[in-house]
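Here is the file run27.pdb (PDB, C-alpha atoms).
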```
ATOM      1  CA  MET A   1       0.000   0.000   0.000
ATOM      2  CA  ASP A   2       2.839   2.310   0.926
ATOM      3  CA  LYS A   3       4.375   1.776  -2.510
ATOM      4  CA  TYR A   4       1.205   2.770  -4.319
ATOM      5  CA  ALA A   5       0.688   5.757  -2.006
ATOM      6  CA  MET A   6       4.210   6.991  -2.778
ATOM      7  CA  ILE A   7       3.570   6.739  -6.555
ATOM      8  CA  VAL A   8       0.338   8.698  -6.212
ATOM      9  CA  LYS A   9       2.058  11.414  -4.178
ATOM     10  CA  LEU A  10       4.888  11.791  -6.739
ATOM     11  CA  THR A  11       2.386  11.987  -9.576
ATOM     12  CA  VAL A  12       0.440  14.714  -7.806
ATOM     13  CA  LEU A  13       3.631  16.702  -7.108
ATOM     14  CA  LEU A  14       4.740  16.488 -10.748
ATOM     15  CA  LEU A  15       1.362  17.713 -11.919
ATOM     16  CA  LEU A  16       1.497  20.623  -9.459
ATOM     17  CA  PHE A  17       4.989  21.696 -10.642
ATOM     18  CA  SER A  18       3.910  21.488 -14.285
ATOM     19  CA  TYR A  19       0.809  23.553 -13.590
ATOM     20  CA  ALA A  20       2.887  26.157 -11.725
ATOM     21  CA  ASP A  21       5.323  26.544 -14.691
ATOM     22  CA  GLU A  22       2.448  27.024 -17.097
ATOM     23  CA  ASN A  23       0.946  29.672 -14.836
ATOM     24  CA  VAL A  24       4.245  31.573 -14.667
ATOM     25  CA  ALA A  25       4.558  31.586 -18.478
ATOM     26  CA  LEU A  26       0.916  32.586 -18.853
ATOM     27  CA  ALA A  27       1.357  35.400 -16.322
ATOM     28  CA  GLY A  28       4.352  36.719 -18.273
ATOM     29  CA  PHE A  29       2.400  36.638 -21.516
ATOM     30  CA  ILE A  30      -0.557  38.419 -19.912
ATOM     31  CA  GLN A  31       1.773  41.089 -18.520
ATOM     32  CA  ASP A  32       3.287  41.739 -21.980
ATOM     33  CA  ARG A  33      -0.071  42.074 -23.695
ATOM     34  CA  PRO A  34      -1.320  45.136 -21.796
ATOM     35  CA  LYS A  35       2.053  46.855 -22.307
ATOM     36  CA  LYS A  36       1.848  46.442 -26.101
ATOM     37  CA  LYS A  37      -1.794  47.445 -26.041
ATOM     38  CA  VAL A  38      -0.995  50.635 -24.094
ATOM     39  CA  GLN A  39       1.724  51.585 -26.608
ATOM     40  CA  LEU A  40      -0.592  50.996 -29.529
ATOM     41  CA  ASN A  41      -3.456  52.907 -27.902
ATOM     42  CA  GLU A  42      -1.169  55.822 -27.054
ATOM     43  CA  GLY A  43      -0.028  56.080 -30.658
ATOM     44  CA  GLN A  44      -3.623  56.008 -31.844
ATOM     45  CA  LYS A  45      -4.494  58.631 -29.225
ATOM     46  CA  LEU A  46      -1.805  60.995 -30.512
ATOM     47  CA  LEU A  47      -2.959  60.543 -34.095
ATOM     48  CA  SER A  48      -6.630  60.990 -33.240
ATOM     49  CA  ALA A  49      -6.010  64.066 -31.083
ATOM     50  CA  ALA A  50      -4.039  65.825 -33.827
ATOM     51  CA  ARG A  51      -6.694  65.163 -36.462
ATOM     52  CA  ASN A  52      -9.570  66.232 -34.230
ATOM     53  CA  ARG A  53      -7.908  69.561 -33.536
ATOM     54  CA  MET A  54      -7.322  70.132 -37.251
ATOM     55  CA  ARG A  55     -10.963  69.406 -38.030
ATOM     56  CA  ASN A  56     -12.536  71.391 -35.211
ATOM     57  CA  LYS A  57     -10.091  74.222 -34.439
ATOM     58  CA  LYS A  58      -8.143  75.038 -37.569
ATOM     59  CA  ASN A  59      -6.860  78.354 -36.212
ATOM     60  CA  ALA A  60      -6.133  77.169 -32.696
ATOM     61  CA  LYS A  61      -2.644  77.064 -31.283
ATOM     62  CA  PRO A  62      -1.267  73.508 -31.483
ATOM     63  CA  LYS A  63      -1.896  71.622 -28.278
ATOM     64  CA  GLU A  64       1.053  69.974 -26.579
ATOM     65  CA  ILE A  65       0.156  66.293 -26.512
ATOM     66  CA  LYS A  66       1.666  64.615 -23.467
ATOM     67  CA  THR A  67       3.073  61.126 -23.400
ATOM     68  CA  ARG A  68       5.265  59.277 -20.909
ATOM     69  CA  ASN A  69       6.492  56.781 -23.449
ATOM     70  CA  ALA A  70       9.955  57.689 -24.758
ATOM     71  CA  ASP A  71       9.369  55.546 -27.867
ATOM     72  CA  LEU A  72       6.639  57.910 -29.007
ATOM     73  CA  ILE A  73       8.656  61.150 -28.927
ATOM     74  CA  GLU A  74       8.854  61.397 -32.739
ATOM     75  CA  THR A  75       5.159  60.592 -32.972
ATOM     76  CA  LYS A  76       4.486  63.429 -30.555
ATOM     77  CA  LYS A  77       6.516  65.818 -32.753
ATOM     78  CA  LEU A  78       4.619  64.696 -35.826
ATOM     79  CA  ALA A  79       1.230  65.111 -34.173
ATOM     80  CA  ARG A  80       2.085  68.651 -33.105
ATOM     81  CA  MET A  81       3.467  69.635 -36.529
ATOM     82  CA  TYR A  82       0.415  68.251 -38.276
ATOM     83  CA  GLN A  83      -1.803  70.720 -36.416
ATOM     84  CA  LYS A  84       0.032  73.833 -37.625
ATOM     85  CA  LEU A  85      -0.951  76.216 -40.391
ATOM     86  CA  LYS A  86       2.483  77.838 -40.721
ATOM     87  CA  TYR A  87       5.933  76.402 -40.163
ATOM     88  CA  GLU A  88       9.092  78.088 -38.947
ATOM     89  CA  GLU A  89      12.453  77.216 -40.451
ATOM     90  CA  ILE A  90      13.539  75.304 -37.333
ATOM     91  CA  GLU A  91      10.340  73.229 -37.389
ATOM     92  CA  ILE A  92      10.920  72.148 -40.978
ATOM     93  CA  LYS A  93      14.479  71.148 -40.078
ATOM     94  CA  GLN A  94      13.147  69.108 -37.162
ATOM     95  CA  PHE A  95      10.627  67.408 -39.433
ATOM     96  CA  LEU A  96      13.318  66.528 -41.973
ATOM     97  CA  ASN A  97      15.358  64.992 -39.148
ATOM     98  CA  ILE A  98      12.556  62.562 -38.295
ATOM     99  CA  GLN A  99      13.337  59.061 -39.539
ATOM    100  CA  PRO A 100      10.303  58.073 -41.668
ATOM    101  CA  GLU A 101      11.602  54.514 -41.907
ATOM    102  CA  ASN A 102      10.655  54.152 -38.216
ATOM    103  CA  PHE A 103       7.002  54.233 -39.271
ATOM    104  CA  LYS A 104       7.116  51.727 -42.138
ATOM    105  CA  ASN A 105       5.489  48.998 -40.017
ATOM    106  CA  ASN A 106       2.783  51.247 -38.581
ATOM    107  CA  ALA A 107       0.160  52.306 -41.123
ATOM    108  CA  GLU A 108      -1.339  55.073 -38.988
ATOM    109  CA  LEU A 109       1.947  56.764 -38.143
ATOM    110  CA  SER A 110       3.152  56.400 -41.725
ATOM    111  CA  GLN A 111      -0.057  58.106 -42.831
ATOM    112  CA  LEU A 112       0.480  60.911 -40.320
ATOM    113  CA  TYR A 113       4.030  61.460 -41.647
ATOM    114  CA  ASN A 114       2.690  61.516 -45.202
ATOM    115  CA  GLU A 115      -0.007  64.064 -44.406
ATOM    116  CA  THR A 116       2.425  66.306 -42.494
ATOM    117  CA  LEU A 117       4.939  66.154 -45.356
ATOM    118  CA  PHE A 118       2.339  67.346 -47.860
ATOM    119  CA  ARG A 119       1.066  70.081 -45.530
ATOM    120  CA  ILE A 120       4.586  71.516 -45.223
ATOM    121  CA  MET A 121       5.240  71.319 -48.980
ATOM    122  CA  GLU A 122       1.927  72.960 -49.759
ATOM    123  CA  ARG A 123       2.206  75.768 -47.193
ATOM    124  CA  GLU A 124       5.968  76.451 -47.148
ATOM    125  CA  PRO A 125       7.428  75.534 -50.574
ATOM    126  CA  ARG A 126      10.368  77.976 -50.348
ATOM    127  CA  LYS A 127      11.472  76.839 -46.894
ATOM    128  CA  PHE A 128      10.873  73.189 -47.756
ATOM    129  CA  VAL A 129      13.053  73.303 -50.888
ATOM    130  CA  ARG A 130      15.837  75.222 -49.169
ATOM    131  CA  ASN A 131      16.050  72.725 -46.294
ATOM    132  CA  THR A 132      15.510  69.587 -48.361
ATOM    133  CA  LEU A 133      18.563  70.492 -50.457
ATOM    134  CA  ARG A 134      20.632  69.927 -47.312
ATOM    135  CA  VAL A 135      19.431  66.429 -46.396
ATOM    136  CA  SER A 136      21.150  63.230 -47.485
ATOM    137  CA  ASP A 137      20.258  61.447 -50.716
ATOM    138  CA  VAL A 138      19.012  58.464 -48.696
ATOM    139  CA  ARG A 139      16.574  60.629 -46.745
ATOM    140  CA  ARG A 140      15.422  62.384 -49.913
ATOM    141  CA  LYS A 141      14.697  59.060 -51.618
ATOM    142  CA  MET A 142      12.694  57.971 -48.587
ATOM    143  CA  MET A 143      10.594  61.158 -48.808
ATOM    144  CA  ASP A 144      10.216  60.627 -52.549
ATOM    145  CA  ARG A 145       8.464  57.310 -51.857
ATOM    146  CA  TYR A 146       5.966  59.043 -49.586
ATOM    147  CA  MET A 147       5.441  61.827 -52.107
ATOM    148  CA  LYS A 148       4.478  59.325 -54.796
ATOM    149  CA  SER A 149       1.682  58.004 -52.570
ATOM    150  CA  PRO A 150      -0.141  61.087 -51.221
ATOM    151  CA  VAL A 151      -2.854  60.673 -48.584
ATOM    152  CA  GLY A 152      -5.956  62.863 -48.781
ATOM    153  CA  ASP A 153      -8.434  63.740 -51.509
ATOM    154  CA  ASN A 154      -8.251  67.503 -51.021
ATOM    155  CA  LEU A 155      -4.679  67.835 -52.312
ATOM    156  CA  ASN A 156      -4.055  69.534 -55.636
ATOM    157  CA  ILE A 157      -0.925  67.540 -56.461
ATOM    158  CA  LYS A 158      -0.274  69.140 -59.848
ATOM    159  CA  LYS A 159      -0.492  72.666 -58.476
ATOM    160  CA  MET A 160       1.774  71.792 -55.560
ATOM    161  CA  ASN A 161       4.363  70.077 -57.796
ATOM    162  CA  ASP A 162       4.378  73.038 -60.201
ATOM    163  CA  GLN A 163       4.946  75.391 -57.298
ATOM    164  CA  LEU A 164       7.795  73.296 -55.901
ATOM    165  CA  GLN A 165       9.377  72.841 -59.341
ATOM    166  CA  LYS A 166       9.279  76.602 -59.844
ATOM    167  CA  GLU A 167      10.848  77.118 -56.416
ATOM    168  CA  VAL A 168      13.743  74.750 -57.194
ATOM    169  CA  LYS A 169      14.389  76.639 -60.452
ATOM    170  CA  THR A 170      14.308  79.989 -58.642
ATOM    171  CA  GLN A 171      16.757  78.896 -55.974
ATOM    172  CA  TRP A 172      19.070  77.300 -58.558
ATOM    173  CA  LYS A 173      19.023  80.464 -60.659
ATOM    174  CA  ALA A 174      20.136  82.473 -57.611
ATOM    175  CA  TYR A 175      22.813  79.965 -56.572
ATOM    176  CA  GLU A 176      24.324  78.981 -59.947
ATOM    177  CA  PRO A 177      26.191  82.291 -60.663
ATOM    178  CA  LYS A 178      28.020  81.890 -57.336
ATOM    179  CA  LEU A 179      29.736  78.701 -58.508
ATOM    180  CA  ARG A 180      33.326  79.707 -59.362
ATOM    181  CA  SER A 181      35.124  76.390 -58.986
ATOM    182  CA  ASN A 182      37.356  75.081 -61.787
ATOM    183  CA  ASP A 183      36.748  71.510 -60.647
ATOM    184  CA  LYS A 184      34.231  69.783 -62.904
ATOM    185  CA  GLU A 185      33.462  67.195 -60.221
ATOM    186  CA  VAL A 186      32.523  69.874 -57.670
ATOM    187  CA  LEU A 187      30.348  71.718 -60.189
ATOM    188  CA  THR A 188      28.606  68.502 -61.248
ATOM    189  CA  LYS A 189      27.922  67.529 -57.622
ATOM    190  CA  GLU A 190      26.292  70.890 -56.867
ATOM    191  CA  TYR A 191      24.222  70.695 -60.037
ATOM    192  CA  ASN A 192      23.020  67.164 -59.225
ATOM    193  CA  ARG A 193      21.996  68.273 -55.742
ATOM    194  CA  TYR A 194      19.416  70.636 -57.252
ATOM    195  CA  GLU A 195      18.531  68.515 -60.272
ATOM    196  CA  SER A 196      17.723  65.401 -58.204
ATOM    197  CA  LEU A 197      15.173  67.415 -56.201
ATOM    198  CA  HIS A 198      13.866  69.134 -59.330
ATOM    199  CA  ARG A 199      13.341  65.708 -60.925
ATOM    200  CA  ILE A 200      10.880  64.701 -58.178
ATOM    201  CA  PHE A 201       8.451  67.516 -58.978
ATOM    202  CA  ARG A 202       8.745  67.990 -62.731
ATOM    203  CA  SER A 203       6.100  66.565 -65.066
ATOM    204  CA  ASN A 204       8.357  66.508 -68.157
ATOM    205  CA  ASN A 205      11.943  65.670 -69.054
ATOM    206  CA  GLN A 206      13.155  69.253 -68.963
ATOM    207  CA  ARG A 207      16.279  69.455 -66.793
ATOM    208  CA  LEU A 208      17.733  72.412 -64.970
ATOM    209  CA  LYS A 209      20.278  74.377 -66.960
ATOM    210  CA  GLU A 210      23.800  73.193 -66.198
ATOM    211  CA  PRO A 211      26.235  75.618 -64.506
ATOM    212  CA  SER A 212      27.652  78.106 -67.022
ATOM    213  CA  ARG A 213      31.082  77.576 -65.449
ATOM    214  CA  LEU A 214      30.868  73.854 -66.241
ATOM    215  CA  THR A 215      29.904  74.641 -69.844
ATOM    216  CA  GLN A 216      32.891  76.995 -70.170
ATOM    217  CA  LEU A 217      35.306  74.357 -68.867
ATOM    218  CA  ARG A 218      33.989  71.781 -71.347
ATOM    219  CA  LYS A 219      34.320  74.195 -74.257
ATOM    220  CA  ALA A 220      37.888  75.054 -73.250
ATOM    221  CA  GLU A 221      38.772  71.355 -73.072
ATOM    222  CA  ALA A 222      37.206  70.734 -76.503
ATOM    223  CA  ILE A 223      39.184  73.607 -78.051
ATOM    224  CA  ARG A 224      42.449  72.324 -76.567
ATOM    225  CA  ALA A 225      41.755  68.813 -77.825
ATOM    226  CA  ALA A 226      40.956  70.091 -81.340
ATOM    227  CA  THR A 227      44.118  72.205 -81.372
ATOM    228  CA  ASP A 228      46.234  69.235 -80.332
ATOM    229  CA  ARG A 229      44.789  67.163 -83.188
ATOM    230  CA  ARG A 230      45.504  69.848 -85.836
ATOM    231  CA  VAL A 231      49.135  70.389 -84.869
ATOM    232  CA  ALA A 232      51.012  67.405 -86.331
ATOM    233  CA  PRO A 233      54.256  66.439 -84.590
ATOM    234  CA  VAL A 234      57.549  67.326 -86.409
ATOM    235  CA  ILE A 235      59.445  64.152 -87.284
ATOM    236  CA  GLU A 236      63.178  64.511 -87.931
ATOM    237  CA  ARG A 237      64.307  62.578 -91.016
ATOM    238  CA  ARG A 238      67.518  60.580 -90.967
ATOM    239  CA  SER A 239      70.226  61.778 -93.400
ATOM    240  CA  ASP A 240      70.442  58.443 -95.163
ATOM    241  CA  THR A 241      66.781  58.651 -96.126
ATOM    242  CA  ILE A 242      67.017  62.101 -97.757
ATOM    243  CA  PRO A 243      67.070  61.710-101.593
ATOM    244  CA  LYS A 244      70.155  63.042-103.422
TER
END
```
Taking this structure as input, can you express it in the form of C-alpha cells?
Amino acid sequence: MDKYAMIVKLTVLLLLFSYADENVALAGFIQDRPKKKVQLNEGQKLLSAARNRMRNKKNAKPKEIKTRNADLIETKKLARMYQKLKYEEIEIKQFLNIQPENFKNNAELSQLYNETLFRIMEREPRKFVRNTLRVSDVRRKMMDRYMKSPVGDNLNIKKMNDQLQKEVKTQWKAYEPKLRSNDKEVLTKEYNRYESLHRIFRSNNQRLKEPSRLTQLRKAEAIRAATDRRVAPVIERRSDTIPK
C-alpha cells in the first residue's frame, strides 16, 4: 500500500509543478499584452487628437500632446506639426530629421508622416526646398516614396508640384552664378543636388540648366583637344633617307 501511495504522491507533485510553470509563463504573456496594447493605444491617441484639432479648431494654437512613453517622442513631434498652419524654419528642419523609416510597419503613423509632409510642402514651398537640399540622398529618396503616394483627396498635387518645381528653379538660378570652382566634379555635384530634387516635382523631361562655369570648362577642353589634333608632330628625317 505504501508503494502505491508513494507513486500517487509523486504523480500529484509532478502535476502541481507542471501547472505552476504554465501559470508563470501565462502570467508573463498576460503582462506583456497590456504593455503592447498601451503603446498601440497611445499612438492612436496621438494621431486621433491631432486630427480632431485640425478638423474642429483650424486656427487654434497647437496643443502639446503629453506622453510618458519615450518611444513615441517622434510621434508626438509629428502630431504637433500636423496641427500647424504655418511652419518656422527650425520646425521644418526638425521634421526633416525625423526618420520616416521608423514608421514603415505602422500604417497610422506612416499616414500621419505623409499628411504632415504634404502640408509643409503645400504651405511652405520655399522653406521646404531650401532645407531639403541639405538632407542626405538616402533621406530624400525615402521622402520621394511618400510623395508618390499622397494621402488625402483635397490635395491639388499638380499645383503643388508646379509650385515646388518653380521654387527649385528659382533657388538654382540664384545659386548657380556663385559657382566659381574650376573643378568639374565639384560643379557637377552641386548641379546634381538641385537637379535630383527638381526631378521629383517635374512633369516633363526638362532638366535644370547646367552651370555656365561647367559649360565653359567643357568648351575650353574641346578647343584644346581640337588644337592638339591639328598640330602634327615634327618628325626629324635621318640623313640616309634624304634623296640626293
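The two atoms in question, CA of Leu208 (chain A) and CA of Lys173 (chain A), are spaced 9.2 Å apart.
Checking A:Glu190, A:Asp228, A:Glu122, A:Glu176 one by one against Met160 (chain A), counting all atoms listed in the file, you find the shortest gap at A:Glu122.
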To test your reading of the syntax: which residues would the PyMOL selection byres ((chain A and resi 100-114) around 7) return for the file shown? Reply as a PyMOL selection string.
chain A and resi 78+98-99+115-118+146+150-151
For C-alpha atoms, I'd like the residues from the last selection saved as a PDB file, keeping the file's coordinate frame.
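out_4.pdb, freshly written:
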```pdb
ATOM      1  CA  LEU A  78       4.619  64.696 -35.826  1.00  0.00           C
ATOM      2  CA  ILE A  98      12.556  62.562 -38.295  1.00  0.00           C
ATOM      3  CA  GLN A  99      13.337  59.061 -39.539  1.00  0.00           C
ATOM      4  CA  GLU A 115      -0.007  64.064 -44.406  1.00  0.00           C
ATOM      5  CA  THR A 116       2.425  66.306 -42.494  1.00  0.00           C
ATOM      6  CA  LEU A 117       4.939  66.154 -45.356  1.00  0.00           C
ATOM      7  CA  PHE A 118       2.339  67.346 -47.860  1.00  0.00           C
ATOM      8  CA  TYR A 146       5.966  59.043 -49.586  1.00  0.00           C
ATOM      9  CA  PRO A 150      -0.141  61.087 -51.221  1.00  0.00           C
ATOM     10  CA  VAL A 151      -2.854  60.673 -48.584  1.00  0.00           C
TER      11      VAL A 151
END
```
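Shell of Leu187 (chain A) at 12 Å, with all atoms listed in the file counted and residues fewer than 3 places along the chain excluded, is Tyr175, Glu176, Pro177, Lys178, Leu179, Arg180, Ser181, Asn182, Asp183, Lys184, Glu190, Tyr191, Asn192, Arg193, Tyr194, Glu210, Pro211, Ser212, Arg213, Leu214, Thr215, Gln216, Leu217 and Arg218 of chain A.
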Expected file: the selected residues, C-alpha atoms, as an mmCIF file, in the coordinates of the input:
```cif
data_model
loop_
_atom_site.group_PDB
_atom_site.id
_atom_site.type_symbol
_atom_site.label_atom_id
_atom_site.label_comp_id
_atom_site.auth_asym_id
_atom_site.auth_seq_id
_atom_site.Cartn_x
_atom_site.Cartn_y
_atom_site.Cartn_z
ATOM 1 C CA TYR A 175 22.813 79.965 -56.572
ATOM 2 C CA GLU A 176 24.324 78.981 -59.947
ATOM 3 C CA PRO A 177 26.191 82.291 -60.663
ATOM 4 C CA LYS A 178 28.020 81.890 -57.336
ATOM 5 C CA LEU A 179 29.736 78.701 -58.508
ATOM 6 C CA ARG A 180 33.326 79.707 -59.362
ATOM 7 C CA SER A 181 35.124 76.390 -58.986
ATOM 8 C CA ASN A 182 37.356 75.081 -61.787
ATOM 9 C CA ASP A 183 36.748 71.510 -60.647
ATOM 10 C CA LYS A 184 34.231 69.783 -62.904
ATOM 11 C CA GLU A 190 26.292 70.890 -56.867
ATOM 12 C CA TYR A 191 24.222 70.695 -60.037
ATOM 13 C CA ASN A 192 23.020 67.164 -59.225
ATOM 14 C CA ARG A 193 21.996 68.273 -55.742
ATOM 15 C CA TYR A 194 19.416 70.636 -57.252
ATOM 16 C CA GLU A 210 23.800 73.193 -66.198
ATOM 17 C CA PRO A 211 26.235 75.618 -64.506
ATOM 18 C CA SER A 212 27.652 78.106 -67.022
ATOM 19 C CA ARG A 213 31.082 77.576 -65.449
ATOM 20 C CA LEU A 214 30.868 73.854 -66.241
ATOM 21 C CA THR A 215 29.904 74.641 -69.844
ATOM 22 C CA GLN A 216 32.891 76.995 -70.170
ATOM 23 C CA LEU A 217 35.306 74.357 -68.867
ATOM 24 C CA ARG A 218 33.989 71.781 -71.347
#
```
Residue members of the PyMOL selection byres ((chain A and resi 197-204) around 12) in the file shown, as a ChimeraX atom specification:
/A:121,125,128-137,139-148,157-172,190-196,205-209
In terms of only C-alpha atoms, the residue from A:Glu74, A:Glu185, A:Glu124, A:Glu221 at minimal distance from Tyr87 (chain A) is A:Glu124
CA of Glu88 (chain A) to CA of Lys127 (chain A) measures 8.4 Å
